[in-house]
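Before any comments, here is the structure.
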Amino acid sequence: MNARRRAAIVGVAESAVGETPHLTVLSQQAIASRAALAEAGLRRADVDALFVAGNWSWAPALALAEYLGLQPRYLDGTNIGGSSFEAHLGHAAAAIEAGLIDVALIAYGSTQRSDRSRNAPRPATLGEQFERPFGLPLPVGAYALAANRYLHQYGVRGEQLAEVAVSAREWARLNPDAYHRNPLTVDDVLASPMICEPLHKLDCCLVTDGGGAVVVAAEDRWTDVATRPVVVLGYGETTTHHTIANMPDLTVTGAAQSGSAALAMAGVTRDNIDLLEIYDSFTITVLLTLESLGFCKPGEGGEFVSGGRTAPGGSLPMNTNGGGLSYTHPGMYGIFLLIEATRQLRHDYTDPRRQVPDADLALVHGTGGVLSSTATVVLGRG
């Protein structure tokens, strides 16, 4: 990454999150994109690369380019679920390093709550023919399968899974835009309805609308931007399977590969990381990811998150906007991980309870599909 031009995030923004029946997917993307470019002090004419993911169109990158009045010379429609946007950032950094582009726009939008499309019936894919017809609800059933295996193998308790949700809620209580801000306890999580054993309702992510955008620029453009650049230091991505029946090990995710690659490229260790933004589609996702990333040993994730370690004031802050469990989750959450990490590294927050003190390095990790794809990024304060 240091041999040629470096890349940095120079602007971030969300559209309205929660329930937005007055907005379309395109309008959400446009609102967020316009705000992110304005924050960066750049114009649409500066954008020469567009990165988009989503299932709402046969060609979402083409549709958004037309809607925004862009004719980019570089398009990337990589769609690997919630990890798409961490992958997009890595791809944009590589294209910038290679001299192919100067300014990239990454965008996402979803109306899944307003149009009630989250669990809309659809035919089984080729691989799902061995799962869906036999009653496995997706995606929650796949994550429940992994959770059951993990709890059985390591003796981890539901109370320890619940700690992930409680920590996220403590951060959400400091975020005025979070969907859920009321206090939450471990007992509350365990008392919530069972959705798919062993996952309760409050072990599961929100179902919301929302959109986000990230602007990435080459270092020779940093003097043109209005914000402090957040530098892309390292990244990695991988996939291990598509359907949960083909996951090599239900307790180990691809984070073991993508995380190690990102840290090695950045030239830092886990001990150097000041905050984590970890995809939290379900509480089990976080424990498996922390272990696969190497922040704790296999089976130790439950103990690792106990005692408020990842909550406000803890030694390793995580999901500092409330995460997909309490802030927002519009189908693919990965772009919001990048937005929050950027704001933390720029030291944007005036509330000392919400701002991670002296935050210089962040690890951002996206998970897509049913623990299928992973993409990890290490970001540094420029």
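Chain labels run A, B, ... following the order of the structure tokens; each chain numbers its residues from 1, and ligands are numbered from 1 in the order shown.
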Would you list, as a PyMOL selection string, the residues of range 79-295 of chain A that end up in strand (DSSP E) under DSSP run on this structure's backbone? chain A and resi 103-110+194-196+199-200+210-218+230-239+275-278
Would you save the residues from that selection as a compact mmCIF listing (two decimals), in the first residue's frame, using N, CA, C and O atoms?
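Generated output (again_19.txt):
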```txt
# COMPACT_ATOMS: atom_id res chain seq x y z
N VAL A 103 -10.87 9.40 -7.44
CA VAL A 103 -11.92 9.58 -6.44
C VAL A 103 -13.01 8.54 -6.66
O VAL A 103 -13.57 8.43 -7.77
N ALA A 104 -13.31 7.79 -5.63
CA ALA A 104 -14.32 6.74 -5.70
C ALA A 104 -15.48 7.06 -4.77
O ALA A 104 -15.29 7.59 -3.67
N LEU A 105 -16.68 6.70 -5.20
CA LEU A 105 -17.88 6.82 -4.39
C LEU A 105 -18.44 5.42 -4.16
O LEU A 105 -18.68 4.67 -5.12
N ILE A 106 -18.62 5.06 -2.90
CA ILE A 106 -19.22 3.79 -2.51
C ILE A 106 -20.59 4.10 -1.92
O ILE A 106 -20.69 4.95 -1.03
N ALA A 107 -21.64 3.45 -2.39
CA ALA A 107 -22.99 3.80 -1.96
C ALA A 107 -23.86 2.57 -1.77
O ALA A 107 -23.67 1.54 -2.42
N TYR A 108 -24.86 2.72 -0.88
CA TYR A 108 -25.82 1.65 -0.61
C TYR A 108 -27.14 2.25 -0.15
O TYR A 108 -27.16 3.31 0.49
N GLY A 109 -28.23 1.56 -0.45
CA GLY A 109 -29.54 1.95 0.05
C GLY A 109 -30.46 0.75 0.10
O GLY A 109 -30.31 -0.20 -0.67
N SER A 110 -31.42 0.80 1.02
CA SER A 110 -32.38 -0.30 1.16
C SER A 110 -33.69 0.22 1.74
O SER A 110 -33.68 1.10 2.61
N MET A 194 -37.92 -16.51 21.51
CA MET A 194 -36.99 -17.35 20.79
C MET A 194 -37.35 -17.31 19.30
O MET A 194 -38.47 -17.63 18.92
N ILE A 195 -36.39 -16.91 18.47
CA ILE A 195 -36.63 -16.84 17.04
C ILE A 195 -36.21 -18.13 16.37
O ILE A 195 -36.95 -18.72 15.58
N CYS A 196 -35.00 -18.58 16.66
CA CYS A 196 -34.50 -19.84 16.12
C CYS A 196 -33.42 -20.31 17.10
O CYS A 196 -32.35 -19.72 17.18
N LEU A 199 -31.08 -18.57 19.35
CA LEU A 199 -31.07 -17.12 19.16
C LEU A 199 -32.44 -16.51 19.47
O LEU A 199 -33.45 -16.85 18.84
N HIS A 200 -32.42 -15.61 20.47
CA HIS A 200 -33.62 -14.86 20.81
C HIS A 200 -33.77 -13.66 19.88
O HIS A 200 -32.86 -13.31 19.13
N GLY A 210 -32.52 2.32 5.14
CA GLY A 210 -31.36 3.19 5.33
C GLY A 210 -30.43 3.19 4.15
O GLY A 210 -30.52 2.33 3.26
N GLY A 211 -29.55 4.16 4.12
CA GLY A 211 -28.55 4.25 3.07
C GLY A 211 -27.30 4.93 3.58
O GLY A 211 -27.33 5.62 4.62
N GLY A 212 -26.21 4.71 2.88
CA GLY A 212 -24.94 5.31 3.29
C GLY A 212 -24.03 5.50 2.10
O GLY A 212 -24.23 4.90 1.04
N ALA A 213 -23.02 6.36 2.30
CA ALA A 213 -22.04 6.60 1.23
C ALA A 213 -20.69 6.91 1.84
O ALA A 213 -20.59 7.48 2.93
N VAL A 214 -19.65 6.50 1.11
CA VAL A 214 -18.26 6.73 1.52
C VAL A 214 -17.51 7.25 0.30
O VAL A 214 -17.64 6.69 -0.80
N VAL A 215 -16.75 8.32 0.48
CA VAL A 215 -15.92 8.88 -0.60
C VAL A 215 -14.46 8.56 -0.30
O VAL A 215 -13.97 8.79 0.81
N VAL A 216 -13.77 8.02 -1.30
CA VAL A 216 -12.37 7.62 -1.17
C VAL A 216 -11.55 8.40 -2.18
O VAL A 216 -11.95 8.52 -3.34
N ALA A 217 -10.39 8.92 -1.74
CA ALA A 217 -9.58 9.73 -2.65
C ALA A 217 -8.11 9.34 -2.57
O ALA A 217 -7.61 8.91 -1.51
N ALA A 218 -7.42 9.50 -3.70
CA ALA A 218 -5.98 9.28 -3.76
C ALA A 218 -5.25 10.38 -3.00
O ALA A 218 -5.74 11.51 -2.89
N VAL A 230 -8.80 9.60 6.43
CA VAL A 230 -8.64 8.36 7.20
C VAL A 230 -8.06 7.33 6.24
O VAL A 230 -8.72 6.90 5.29
N VAL A 231 -6.81 6.96 6.48
CA VAL A 231 -6.02 6.23 5.50
C VAL A 231 -6.32 4.73 5.53
O VAL A 231 -6.45 4.12 6.60
N VAL A 232 -6.44 4.14 4.34
CA VAL A 232 -6.60 2.69 4.21
C VAL A 232 -5.20 2.08 4.32
O VAL A 232 -4.37 2.21 3.42
N LEU A 233 -4.95 1.39 5.41
CA LEU A 233 -3.62 0.82 5.67
C LEU A 233 -3.49 -0.63 5.22
O LEU A 233 -2.40 -1.07 4.85
N GLY A 234 -4.58 -1.36 5.27
CA GLY A 234 -4.53 -2.77 4.89
C GLY A 234 -5.92 -3.33 4.68
O GLY A 234 -6.89 -2.81 5.23
N TYR A 235 -6.02 -4.37 3.88
CA TYR A 235 -7.31 -5.01 3.66
C TYR A 235 -7.09 -6.45 3.20
O TYR A 235 -6.02 -6.83 2.72
N GLY A 236 -8.15 -7.23 3.37
CA GLY A 236 -8.14 -8.62 2.91
C GLY A 236 -9.56 -9.10 2.77
O GLY A 236 -10.47 -8.58 3.42
N GLU A 237 -9.78 -10.08 1.92
CA GLU A 237 -11.12 -10.63 1.74
C GLU A 237 -11.02 -12.10 1.36
O GLU A 237 -9.99 -12.57 0.85
N THR A 238 -12.09 -12.83 1.62
CA THR A 238 -12.13 -14.24 1.24
C THR A 238 -13.55 -14.74 1.30
O THR A 238 -14.46 -14.05 1.79
N THR A 239 -13.78 -15.94 0.82
CA THR A 239 -15.04 -16.64 1.00
C THR A 239 -14.73 -18.09 1.29
O THR A 239 -13.73 -18.64 0.80
N LEU A 275 -10.01 0.44 18.26
CA LEU A 275 -11.44 0.15 18.26
C LEU A 275 -11.77 -0.83 17.15
O LEU A 275 -11.04 -0.92 16.16
N LEU A 276 -12.87 -1.54 17.35
CA LEU A 276 -13.35 -2.53 16.40
C LEU A 276 -14.74 -2.16 15.91
O LEU A 276 -15.59 -1.73 16.70
N GLU A 277 -14.94 -2.30 14.62
CA GLU A 277 -16.28 -2.22 14.05
C GLU A 277 -16.53 -3.57 13.37
O GLU A 277 -15.99 -3.84 12.30
N ILE A 278 -17.30 -4.42 14.04
CA ILE A 278 -17.48 -5.81 13.65
C ILE A 278 -18.93 -6.06 13.25
O ILE A 278 -19.86 -5.73 14.01
```
Which polymer residues have any atom within 7 Å of an atom of range 318-324 of chain A, counting only C-alpha atoms, with same-chain residues fewer than 4 positions away left out, as a ChimeraX atom specification? /A:168-169,171-172,175,178,205-206,275-278,280-281,310-311,328-329,333,340
Selection from above, N, CA and C atoms, as an mmCIF file, in the first residue's frame, can you write it?
```
data_model
loop_
_atom_site.group_PDB
_atom_site.id
_atom_site.type_symbol
_atom_site.label_atom_id
_atom_site.label_comp_id
_atom_site.auth_asym_id
_atom_site.auth_seq_id
_atom_site.Cartn_x
_atom_site.Cartn_y
_atom_site.Cartn_z
ATOM 1 N N ALA A 168 -23.762 -3.390 22.638
ATOM 2 C CA ALA A 168 -24.209 -2.579 21.506
ATOM 3 C C ALA A 168 -25.256 -1.564 21.941
ATOM 4 N N ARG A 169 -26.168 -1.990 22.807
ATOM 5 C CA ARG A 169 -27.208 -1.073 23.264
ATOM 6 C C ARG A 169 -26.626 0.068 24.097
ATOM 7 N N TRP A 171 -23.803 1.516 23.627
ATOM 8 C CA TRP A 171 -23.310 2.484 22.654
ATOM 9 C C TRP A 171 -24.474 3.198 21.969
ATOM 10 N N ALA A 172 -25.539 2.476 21.651
ATOM 11 C CA ALA A 172 -26.689 3.070 20.985
ATOM 12 C C ALA A 172 -27.338 4.150 21.839
ATOM 13 N N ASN A 175 -26.109 7.393 20.939
ATOM 14 C CA ASN A 175 -26.283 7.774 19.540
ATOM 15 C C ASN A 175 -27.721 8.230 19.313
ATOM 16 N N ALA A 178 -29.872 6.231 16.791
ATOM 17 C CA ALA A 178 -30.055 4.785 16.914
ATOM 18 C C ALA A 178 -31.536 4.428 16.982
ATOM 19 N N CYS A 205 -30.262 -8.998 14.488
ATOM 20 C CA CYS A 205 -30.150 -7.608 14.036
ATOM 21 C C CYS A 205 -31.521 -7.006 13.757
ATOM 22 N N LEU A 206 -31.537 -5.696 13.668
ATOM 23 C CA LEU A 206 -32.734 -4.951 13.317
ATOM 24 C C LEU A 206 -33.107 -5.186 11.857
ATOM 25 N N LEU A 275 -10.007 0.444 18.257
ATOM 26 C CA LEU A 275 -11.438 0.152 18.262
ATOM 27 C C LEU A 275 -11.769 -0.826 17.152
ATOM 28 N N LEU A 276 -12.873 -1.536 17.354
ATOM 29 C CA LEU A 276 -13.348 -2.532 16.404
ATOM 30 C C LEU A 276 -14.736 -2.155 15.907
ATOM 31 N N GLU A 277 -14.944 -2.302 14.621
ATOM 32 C CA GLU A 277 -16.280 -2.219 14.046
ATOM 33 C C GLU A 277 -16.526 -3.566 13.374
ATOM 34 N N ILE A 278 -17.299 -4.418 14.042
ATOM 35 C CA ILE A 278 -17.480 -5.812 13.652
ATOM 36 C C ILE A 278 -18.932 -6.057 13.248
ATOM 37 N N ASP A 280 -22.406 -7.235 13.103
ATOM 38 C CA ASP A 280 -23.177 -7.930 14.149
ATOM 39 C C ASP A 280 -24.584 -8.245 13.658
ATOM 40 N N SER A 281 -24.656 -9.069 12.623
ATOM 41 C CA SER A 281 -25.959 -9.528 12.145
ATOM 42 C C SER A 281 -26.683 -10.308 13.234
ATOM 43 N N THR A 310 -16.151 -4.419 25.673
ATOM 44 C CA THR A 310 -16.391 -3.746 24.393
ATOM 45 C C THR A 310 -17.402 -2.610 24.502
ATOM 46 N N ALA A 311 -17.914 -2.353 25.695
ATOM 47 C CA ALA A 311 -18.916 -1.305 25.917
ATOM 48 C C ALA A 311 -18.244 0.039 26.154
ATOM 49 N N THR A 328 -28.909 0.428 13.361
ATOM 50 C CA THR A 328 -29.671 0.222 12.131
ATOM 51 C C THR A 328 -29.150 -1.017 11.427
ATOM 52 N N HIS A 329 -29.975 -1.627 10.599
ATOM 53 C CA HIS A 329 -29.525 -2.757 9.789
ATOM 54 C C HIS A 329 -30.429 -2.872 8.566
ATOM 55 N N TYR A 333 -25.191 -4.194 6.223
ATOM 56 C CA TYR A 333 -24.792 -3.196 7.212
ATOM 57 C C TYR A 333 -23.361 -2.690 7.039
ATOM 58 N N GLU A 340 -18.825 4.754 10.726
ATOM 59 C CA GLU A 340 -18.560 4.971 12.149
ATOM 60 C C GLU A 340 -17.073 4.958 12.460
#
```
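Between Leu379 in chain A and the residues A:Val286, A:Leu89, A:Ala165, A:Leu23, the shortest atom-to-atom distance, using only C-alpha atoms, involves A:Leu89.
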Could you tell me which of A:Gly331, A:Pro137, A:Pro317, A:Pro60 comes closest to Ala359 in chain A if we count only C-alpha atoms?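 Comparing A:Gly331, A:Pro137, A:Pro317, A:Pro60 against Ala359 in chain A, the winner is A:Pro317.
Compared by their closest atoms to Leu293 in chain A, and using only C-alpha atoms, the residues A:Leu316, A:Val225, A:Ala256, A:Val356 rank with A:Ala256 nearest.
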Every residue of range 82-208 of chain A that DSSP places in helix (DSSP H, G or I), as a CSV table (one decimal) with N, CA and C atoms, in the first residue's frame:
```csv
chain,number,residue,atom,x,y,z
A,82,GLY,N,-23.1,-8.5,3.3
A,82,GLY,CA,-22.8,-7.4,4.2
A,82,GLY,C,-21.3,-7.0,4.2
A,83,SER,N,-20.5,-7.8,3.6
A,83,SER,CA,-19.0,-7.5,3.5
A,83,SER,C,-18.7,-6.8,2.3
A,84,SER,N,-19.7,-6.5,1.4
A,84,SER,CA,-19.4,-5.9,0.1
A,84,SER,C,-18.7,-4.6,0.2
A,85,PHE,N,-19.0,-3.8,1.2
A,85,PHE,CA,-18.4,-2.4,1.2
A,85,PHE,C,-17.0,-2.3,1.7
A,86,GLU,N,-16.7,-3.3,2.6
A,86,GLU,CA,-15.3,-3.4,3.0
A,86,GLU,C,-14.4,-3.9,1.8
A,87,ALA,N,-15.0,-4.8,1.0
A,87,ALA,CA,-14.4,-5.2,-0.2
A,87,ALA,C,-14.3,-4.1,-1.2
A,88,HIS,N,-15.3,-3.3,-1.3
A,88,HIS,CA,-15.3,-2.1,-2.2
A,88,HIS,C,-14.1,-1.2,-1.9
A,89,LEU,N,-14.0,-1.0,-0.6
A,89,LEU,CA,-12.9,-0.1,-0.1
A,89,LEU,C,-11.6,-0.6,-0.5
A,90,GLY,N,-11.4,-1.9,-0.3
A,90,GLY,CA,-10.1,-2.6,-0.7
A,90,GLY,C,-9.9,-2.5,-2.2
A,91,HIS,N,-10.9,-2.7,-3.0
A,91,HIS,CA,-10.8,-2.6,-4.4
A,91,HIS,C,-10.5,-1.2,-4.9
A,92,ALA,N,-11.2,-0.2,-4.2
A,92,ALA,CA,-10.9,1.2,-4.6
A,92,ALA,C,-9.5,1.6,-4.2
A,93,ALA,N,-9.0,1.1,-3.1
A,93,ALA,CA,-7.6,1.4,-2.7
A,93,ALA,C,-6.6,0.8,-3.7
A,94,ALA,N,-6.9,-0.4,-4.2
A,94,ALA,CA,-6.0,-1.1,-5.1
A,94,ALA,C,-6.0,-0.3,-6.5
A,95,ALA,N,-7.2,0.2,-6.9
A,95,ALA,CA,-7.3,0.9,-8.1
A,95,ALA,C,-6.6,2.3,-8.0
A,96,ILE,N,-6.7,2.9,-6.9
A,96,ILE,CA,-6.0,4.2,-6.7
A,96,ILE,C,-4.5,3.9,-6.7
A,97,GLU,N,-4.1,2.9,-6.0
A,97,GLU,CA,-2.6,2.5,-5.9
A,97,GLU,C,-2.1,2.3,-7.4
A,127,GLY,N,-27.9,-24.4,-4.5
A,127,GLY,CA,-27.3,-25.0,-3.2
A,127,GLY,C,-28.4,-25.1,-2.1
A,128,GLU,N,-29.3,-24.2,-2.1
A,128,GLU,CA,-30.4,-24.1,-1.1
A,128,GLU,C,-31.4,-25.3,-1.2
A,129,GLN,N,-31.4,-26.0,-2.3
A,129,GLN,CA,-32.3,-27.0,-2.5
A,129,GLN,C,-32.1,-28.1,-1.5
A,130,PHE,N,-31.0,-28.2,-0.8
A,130,PHE,CA,-30.7,-29.2,0.2
A,130,PHE,C,-31.0,-28.6,1.6
A,132,ARG,N,-33.5,-25.3,2.2
A,132,ARG,CA,-34.8,-24.6,2.3
A,132,ARG,C,-36.0,-25.5,2.3
A,133,PRO,N,-36.1,-26.5,1.4
A,133,PRO,CA,-37.3,-27.4,1.4
A,133,PRO,C,-37.4,-28.2,2.7
A,134,PHE,N,-36.4,-28.3,3.5
A,134,PHE,CA,-36.4,-29.1,4.7
A,134,PHE,C,-36.7,-28.2,5.9
A,140,VAL,N,-31.5,-16.7,9.4
A,140,VAL,CA,-31.4,-16.9,10.9
A,140,VAL,C,-31.1,-18.4,11.2
A,141,GLY,N,-31.7,-19.3,10.4
A,141,GLY,CA,-31.5,-20.7,10.7
A,141,GLY,C,-30.0,-21.1,10.6
A,142,ALA,N,-29.4,-20.5,9.6
A,142,ALA,CA,-27.9,-20.9,9.4
A,142,ALA,C,-27.1,-20.4,10.5
A,143,TYR,N,-27.4,-19.2,11.0
A,143,TYR,CA,-26.6,-18.6,12.2
A,143,TYR,C,-26.9,-19.4,13.4
A,144,ALA,N,-28.2,-19.8,13.6
A,144,ALA,CA,-28.6,-20.6,14.7
A,144,ALA,C,-27.9,-22.0,14.7
A,145,LEU,N,-27.7,-22.5,13.5
A,145,LEU,CA,-27.0,-23.8,13.4
A,145,LEU,C,-25.5,-23.6,13.9
A,146,ALA,N,-24.9,-22.5,13.4
A,146,ALA,CA,-23.5,-22.3,13.9
A,146,ALA,C,-23.5,-22.0,15.4
A,147,ALA,N,-24.5,-21.3,15.9
A,147,ALA,CA,-24.5,-21.0,17.3
A,147,ALA,C,-24.7,-22.2,18.2
A,148,ASN,N,-25.5,-23.1,17.7
A,148,ASN,CA,-25.7,-24.4,18.5
A,148,ASN,C,-24.4,-25.2,18.5
A,149,ARG,N,-23.8,-25.3,17.4
A,149,ARG,CA,-22.5,-26.0,17.3
A,149,ARG,C,-21.5,-25.4,18.3
A,150,TYR,N,-21.4,-24.0,18.2
A,150,TYR,CA,-20.4,-23.3,19.0
A,150,TYR,C,-20.7,-23.5,20.5
A,151,LEU,N,-21.9,-23.3,20.9
A,151,LEU,CA,-22.3,-23.5,22.3
A,151,LEU,C,-22.0,-24.9,22.8
A,152,HIS,N,-22.3,-25.9,22.0
A,152,HIS,CA,-22.1,-27.3,22.3
A,152,HIS,C,-20.6,-27.6,22.4
A,153,GLN,N,-19.8,-27.1,21.5
A,153,GLN,CA,-18.4,-27.4,21.4
A,153,GLN,C,-17.6,-26.8,22.5
A,154,TYR,N,-18.0,-25.6,22.9
A,154,TYR,CA,-17.1,-24.8,23.9
A,154,TYR,C,-17.8,-24.6,25.2
A,158,GLY,N,-25.8,-18.8,26.8
A,158,GLY,CA,-26.6,-17.8,26.1
A,158,GLY,C,-26.4,-16.4,26.8
A,159,GLU,N,-26.1,-16.4,28.1
A,159,GLU,CA,-25.8,-15.1,28.7
A,159,GLU,C,-24.6,-14.4,28.1
A,160,GLN,N,-23.7,-15.2,27.7
A,160,GLN,CA,-22.5,-14.6,27.1
A,160,GLN,C,-22.8,-14.0,25.7
A,161,LEU,N,-23.6,-14.7,24.9
A,161,LEU,CA,-24.1,-14.2,23.7
A,161,LEU,C,-24.8,-12.8,23.9
A,162,ALA,N,-25.6,-12.8,24.9
A,162,ALA,CA,-26.4,-11.6,25.2
A,162,ALA,C,-25.5,-10.4,25.6
A,163,GLU,N,-24.3,-10.7,26.1
A,163,GLU,CA,-23.4,-9.6,26.4
A,163,GLU,C,-23.1,-8.7,25.2
A,164,VAL,N,-23.1,-9.3,24.0
A,164,VAL,CA,-22.8,-8.6,22.8
A,164,VAL,C,-23.9,-7.6,22.5
A,165,ALA,N,-25.2,-8.0,22.7
A,165,ALA,CA,-26.3,-7.2,22.5
A,165,ALA,C,-26.4,-6.0,23.5
A,166,VAL,N,-26.1,-6.3,24.7
A,166,VAL,CA,-26.1,-5.3,25.8
A,166,VAL,C,-25.0,-4.3,25.6
A,167,SER,N,-23.8,-4.7,25.2
A,167,SER,CA,-22.8,-3.7,24.8
A,167,SER,C,-23.2,-2.8,23.7
A,168,ALA,N,-23.8,-3.4,22.6
A,168,ALA,CA,-24.2,-2.6,21.5
A,168,ALA,C,-25.3,-1.6,21.9
A,169,ARG,N,-26.2,-2.0,22.8
A,169,ARG,CA,-27.2,-1.1,23.3
A,169,ARG,C,-26.6,0.1,24.1
A,170,GLU,N,-25.6,-0.2,24.9
A,170,GLU,CA,-25.0,0.9,25.7
A,170,GLU,C,-24.4,1.9,24.7
A,171,TRP,N,-23.8,1.5,23.6
A,171,TRP,CA,-23.3,2.5,22.7
A,171,TRP,C,-24.5,3.2,22.0
A,172,ALA,N,-25.5,2.5,21.7
A,172,ALA,CA,-26.7,3.1,21.0
A,172,ALA,C,-27.3,4.1,21.8
A,186,VAL,N,-28.9,-8.4,30.2
A,186,VAL,CA,-28.8,-9.7,29.7
A,186,VAL,C,-30.1,-10.5,29.9
A,187,ASP,N,-30.7,-10.3,31.0
A,187,ASP,CA,-32.0,-10.9,31.3
A,187,ASP,C,-33.1,-10.5,30.3
A,188,ASP,N,-33.0,-9.3,29.8
A,188,ASP,CA,-34.0,-8.8,28.8
A,188,ASP,C,-33.7,-9.6,27.5
A,189,VAL,N,-32.5,-9.8,27.1
A,189,VAL,CA,-32.2,-10.5,25.9
A,189,VAL,C,-32.7,-12.0,26.0
A,190,LEU,N,-32.4,-12.6,27.1
A,190,LEU,CA,-32.8,-14.0,27.3
A,190,LEU,C,-34.4,-14.1,27.5
A,191,ALA,N,-35.0,-13.1,27.9
A,191,ALA,CA,-36.5,-13.1,28.0
A,191,ALA,C,-37.2,-12.8,26.7
A,201,LYS,N,-34.9,-13.0,20.0
A,201,LYS,CA,-35.2,-11.8,19.1
A,201,LYS,C,-34.1,-10.8,19.3
A,202,LEU,N,-33.6,-10.6,20.5
A,202,LEU,CA,-32.6,-9.5,20.8
A,202,LEU,C,-31.2,-10.0,20.5
A,203,ASP,N,-31.0,-11.3,20.1
A,203,ASP,CA,-29.8,-11.7,19.5
A,203,ASP,C,-29.7,-11.4,18.0
```
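Neighbours of range 344-354 of chain A closer than or equal to 7 Å, with only C-alpha atoms counted and sequence neighbours fewer than 5 positions away skipped, come out as Leu174, Arg228, Val230, Pro312, Ala359, Asp360 and Arg381 of chain A.
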Choose the residue, out of A:Ser326, A:Gln29, A:Ser315, A:Gln71, that has the smallest atom-to-atom separation from Pro183 in chain A; count only C-alpha atoms.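 Nearest candidate to Pro183 in chain A out of A:Ser326, A:Gln29, A:Ser315, A:Gln71: A:Ser326.
Of the listed residues (A:Arg309, A:His180, A:His365, A:Arg157), A:His365 comes nearest to Ser260 in chain A; the distances count only C-alpha atoms.
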Tell me, in Å to one decimal, how far CA of Ala226 in chain A is from CA of Gly99 in chain A.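 Separation of CA of Ala226 in chain A and CA of Gly99 in chain A: 22.5 Å.
The coordinates place CA of Val364 in chain A at 18.2 Å from CA of Phe304 in chain A.
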